[in-house]
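K.L.:
My questions will all concern the structure given below.
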Amino acid sequence: MAAVAGYGAMKPTTKLGVEEPQDQLNRIHITLSSRDVKSLEKVCSDLVKGAKDKQVRVKGPVRMPTKVLHITTRKSPCGEGTNTWDRFELRIHKRVIQLISTKEVVKKITEIKIESSVEVDVRIANL
Amino acid sequence: MGGKKKKSFIDKKRSATFTLVARDSASSSDPLSSNRVFVRTDNHYDYSVPGFLDSDEEQYNRHDESSIFADAVEESGARYAGRSNGSGLPEEVRKEILELGLPDDGYNYLMHLREIRNQGGGSAYYENPRARFNLVPLDVKAYDASRVRLNSDAVKDDEPGVDTIYKVASKSAPVRVQKAIDPDVIRLLDDSDLSRFGSDVEDLEEDFVLMANQPDGEEDENGDVQVKNSCADEEAVYERESDSEVDDEMDDVVQQRVRRPLDDAFDEAFKEYLSSDEDNGPIFGDENQADLEEKLKGALKDFNLEDSVQEEVYKAPADSVKDDQESAQVIRKCTEYAQKYLNESEGEEREVVLVSESSDESEMWDCETIVSTYSNLDNHPAKIEAPGNPKRRLPPKSIPFPGELGAGKDVITLGGKEMLPVNYLPQRRKIMEGLVREKLGSAEKPKKVVGEESKEEKKERKVALKNERREARRAKKELKGLYKSETQRAQKAVAVTGPSSIHLM
């Protein structure tokens, strides 16, 4: 906690000439997860691009390891025949984007079109 | 690892977490807002984020006062649902409900209404670049009105081409028009002879009766009609003559017909009938009765064609024919011709074809005859030979194995991919027996003819054979134990590659 507060307190002193933004800065942690890599990457790139356009500090997208859920079943509905097995898998991809900016800006950024296959989790904390 | 955890970017306990979920109902939403809203998913209510959600999301998130659970006892007990007006709904909501025609009973019917939006249910509009919308759909018939001339006062007549419809139409667009004519109409227009509509019977006119009784000028047309309808005409004439006093005009009409001799006779008879007023009734008890009988009998004598009625014996009409009649002659001629024909056929020499019926019991076939009746195209007779000895797949013992040439009997030669001993696998019982026989060194007894063997010798032979077999079985078992690992390896290889029916163990 102290480290967090320290970090927060340090920030205004580093940039002396720059006017401190009036609004409260928030840390925003966006987690995107999906089974579909393409749409996920698209959403990620859109978010990052939007954040960069608005000159917001953005970290990411951090790619978490893909979780693969395996299901291995016999192919045969009965027990007869050579023992062949099906190997099904479900891949879950997770990306994390971290922003530090005000809430209004964040709202603007997240107003992009997100495909329905992508799940979004947002965690906001005050600085 | 050791040491403390890395400082995380966000402290979970002091943060608000939101999740993007699908919008549940369309309670104050407009078409521009998305299908999904951010919903707060954690329970740290003391940390509020006022600016993050937009207005409708906030409304979505807050607990609606007019929901059905509003007056339930809340767990925190902090909030008290105060009602401002009687029905409990805000004014705008009430207005909207009333506008829709729903009853105003304090229930928010708008909760059950859904906005029709583009993203609902996956039935989105997809822009097809290749769609052609300039075709008129089939349920609309378009007619070509480019040649229509207008007549109304709206059109000024000083300009030449002004009465076309293009001048009057507010909007004209080039449209490809399908021909809007029914195929039935086309067929009728093409069909010029109209033969389908004519009737088959064209002999009679519709009013042939009237036309038949018309004056002279039209008699030529009615000539053929008259012949057919003579009966009707006669009836008409008869009626008219009886009413002759009444209808003088009709008399003239009648008399202008061509008179036939029958007409004259009829007229005479009729006059006689009218004129004779005496009573000509029957006279009873008259002497003329006998004469009457004779008269009756004689009246028809002239007309007697045949006497067949008077005869008592039944005769066929052909038999009762007399020679002077025509039919007799015809019959006679027929019989003559028939006899001539018959005589002709008897005189000629004709082949008598005797077809002998063959019955199955009477025939005795033998193989040669049967076989010879088949042709060699289908039947390929072969010489029957005695069956040879089976199991000659392996070459006889005299021919040595190729691997055996260079080696003596003490060396076990390994060959093949698996490097197994060449001659020592259990293959054939006979071969095993042969090997055993070699080992034991039993001399082969000279083969005797079966009939000359004595009982003891036969017994001996059989016992020896049994021993051989016993030894062979033992040797086989021994070998099986020795090379079990090899057979296991072979079975593994076979299980992967070959079919599962091969059992090596």
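Every chain in the structure tokens takes a letter, A first, then B, and so on in the order presented; its residues are numbered from 1, and the ligands are numbered from 1 following the presented order.
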Please provide as a ChimeraX atom specification all residues within 7 Å of region 95-105 of chain A, with the sequence filter that same-chain residues fewer than 2 positions apart are discarded (counting only C-alpha atoms).

P.N.:
/A:23-33,56-64,93,107-109 /B:51-52

K.L.:
Return as CSV the residues of chain B lying at most 7 Å from chain A, together with the closest atom-to-atom pair for each and the distance in Å to one decimal, counting only C-alpha atoms, with rows in chain order and ascending residue number.

P.N.:
residue,atom,partner,partner_atom,distance
B:Ile10,CA,A:Ala125,CA,6.4
B:Arg14,CA,A:Ala125,CA,6.3
B:Ser15,CA,A:Ala125,CA,4.3
B:Ala16,CA,A:Ile124,CA,5.2
B:Thr17,CA,A:Arg123,CA,4.2
B:Phe18,CA,A:Val122,CA,4.9
B:Thr19,CA,A:Asp121,CA,4.6
B:Leu20,CA,A:Val120,CA,5.5
B:Gly51,CA,A:Lys103,CA,6.2
B:Phe52,CA,A:Lys103,CA,5.7

K.L.:
Please produce a file of those selected residues containing N, CA, C and O atoms, as a compact mmCIF listing (two decimals), in the first residue's frame.

P.N.:
# COMPACT_ATOMS: atom_id res chain seq x y z
N ILE B 10 -2.83 -2.94 -9.75
CA ILE B 10 -4.09 -2.48 -9.15
C ILE B 10 -4.35 -3.32 -7.91
O ILE B 10 -4.20 -4.52 -7.92
N ARG B 14 -9.26 -2.38 -3.35
CA ARG B 14 -9.62 -0.97 -3.43
C ARG B 14 -10.01 -0.57 -4.83
O ARG B 14 -9.75 0.56 -5.26
N SER B 15 -10.56 -1.46 -5.56
CA SER B 15 -10.89 -1.12 -6.95
C SER B 15 -12.29 -1.60 -7.25
O SER B 15 -12.85 -2.44 -6.55
N ALA B 16 -12.82 -1.01 -8.27
CA ALA B 16 -14.14 -1.41 -8.73
C ALA B 16 -13.96 -2.23 -10.01
O ALA B 16 -13.19 -1.85 -10.88
N THR B 17 -14.69 -3.27 -10.07
CA THR B 17 -14.56 -4.16 -11.23
C THR B 17 -15.85 -4.14 -12.03
O THR B 17 -16.94 -4.23 -11.46
N PHE B 18 -15.68 -3.99 -13.29
CA PHE B 18 -16.84 -3.98 -14.18
C PHE B 18 -16.67 -5.06 -15.23
O PHE B 18 -15.57 -5.36 -15.68
N THR B 19 -17.82 -5.61 -15.63
CA THR B 19 -17.78 -6.62 -16.69
C THR B 19 -18.75 -6.20 -17.78
O THR B 19 -19.82 -5.66 -17.51
N LEU B 20 -18.35 -6.45 -18.98
CA LEU B 20 -19.19 -6.14 -20.11
C LEU B 20 -20.14 -7.32 -20.33
O LEU B 20 -19.72 -8.42 -20.67
N GLY B 51 -17.86 8.40 -12.54
CA GLY B 51 -17.83 8.87 -13.91
C GLY B 51 -17.71 7.82 -14.99
O GLY B 51 -17.68 8.14 -16.17
N PHE B 52 -17.59 6.61 -14.59
CA PHE B 52 -17.24 5.61 -15.60
C PHE B 52 -18.42 5.20 -16.46
O PHE B 52 -18.35 5.13 -17.67

K.L.:
Tell me, as a list in words, which residues lie within 9 Å of Thr73 (chain A), counting only C-alpha atoms; anything in the same chain fewer than 4 positions away does not count.

P.N.:
Thr84, Trp85, Asp86, Arg87 and Phe88 of chain A

K.L.:
By how many Å are CA of Phe9 (chain B) and CA of Lys94 (chain A) apart?

P.N.:
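Between CA of Phe9 (chain B) and CA of Lys94 (chain A) the gap is 17.0 Å.
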
K.L.:
Based on DSSP run over this structure's backbone, return all residues of chain A in helix (DSSP H, G or I), as a PDB file with C-alpha atoms, in the first residue's frame.

P.N.:
ATOM      1  CA  ALA A   2       2.809   2.300   0.923  1.00  0.00           C
ATOM      2  CA  ALA A   3       4.495   1.592  -2.306  1.00  0.00           C
ATOM      3  CA  VAL A   4       1.353   2.411  -4.159  1.00  0.00           C
ATOM      4  CA  ALA A   5       0.885   5.645  -2.306  1.00  0.00           C
ATOM      5  CA  GLY A   6       4.501   6.500  -2.856  1.00  0.00           C
ATOM      6  CA  TYR A   7       4.167   5.979  -6.480  1.00  0.00           C
ATOM      7  CA  GLY A   8       1.110   8.064  -6.552  1.00  0.00           C
ATOM      8  CA  ALA A   9       2.768  10.847  -4.625  1.00  0.00           C
ATOM      9  CA  MET A  10       5.819  10.849  -6.793  1.00  0.00           C
ATOM     10  CA  LYS A  11       4.026  11.489  -9.948  1.00  0.00           C
ATOM     11  CA  PRO A  12       3.171  15.151  -9.706  1.00  0.00           C
ATOM     12  CA  THR A  13       6.715  16.083  -8.802  1.00  0.00           C
ATOM     13  CA  THR A  14       8.403  14.547 -11.785  1.00  0.00           C
ATOM     14  CA  VAL A  37      -7.615 -15.009 -31.455  1.00  0.00           C
ATOM     15  CA  LYS A  38      -8.413 -12.876 -34.437  1.00  0.00           C
ATOM     16  CA  SER A  39     -11.192 -10.861 -32.871  1.00  0.00           C
ATOM     17  CA  LEU A  40      -9.257 -10.607 -29.658  1.00  0.00           C
ATOM     18  CA  GLU A  41      -6.225  -9.199 -31.383  1.00  0.00           C
ATOM     19  CA  LYS A  42      -8.381  -6.801 -33.266  1.00  0.00           C
ATOM     20  CA  VAL A  43      -9.987  -5.467 -30.108  1.00  0.00           C
ATOM     21  CA  CYS A  44      -6.618  -5.198 -28.428  1.00  0.00           C
ATOM     22  CA  SER A  45      -5.078  -3.271 -31.249  1.00  0.00           C
ATOM     23  CA  ASP A  46      -8.077  -0.967 -31.389  1.00  0.00           C
ATOM     24  CA  LEU A  47      -7.862  -0.219 -27.720  1.00  0.00           C
ATOM     25  CA  VAL A  48      -4.138   0.393 -27.795  1.00  0.00           C
ATOM     26  CA  LYS A  49      -4.414   2.551 -30.849  1.00  0.00           C
ATOM     27  CA  GLY A  50      -7.179   4.585 -29.282  1.00  0.00           C
ATOM     28  CA  ALA A  51      -5.209   5.032 -26.129  1.00  0.00           C
ATOM     29  CA  LYS A  52      -2.118   6.117 -28.008  1.00  0.00           C
ATOM     30  CA  ASP A  53      -4.133   8.596 -30.003  1.00  0.00           C
ATOM     31  CA  LYS A 103     -12.263   8.179 -16.542  1.00  0.00           C
ATOM     32  CA  GLU A 104     -13.708  10.231 -19.350  1.00  0.00           C
ATOM     33  CA  VAL A 105     -10.857   9.371 -21.614  1.00  0.00           C
ATOM     34  CA  VAL A 106     -11.165   5.776 -20.730  1.00  0.00           C
ATOM     35  CA  LYS A 107     -14.821   5.839 -21.526  1.00  0.00           C
ATOM     36  CA  LYS A 108     -14.053   7.292 -24.915  1.00  0.00           C
ATOM     37  CA  ILE A 109     -11.485   4.640 -25.549  1.00  0.00           C
TER      38      ILE A 109
END

K.L.:
To one decimal place, how far is CA of Ala145 (chain B) from CA of Tyr166 (chain B) in Å?

P.N.:
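Atom-to-atom, CA of Ala145 (chain B) and CA of Tyr166 (chain B) are spaced 9.1 Å apart.
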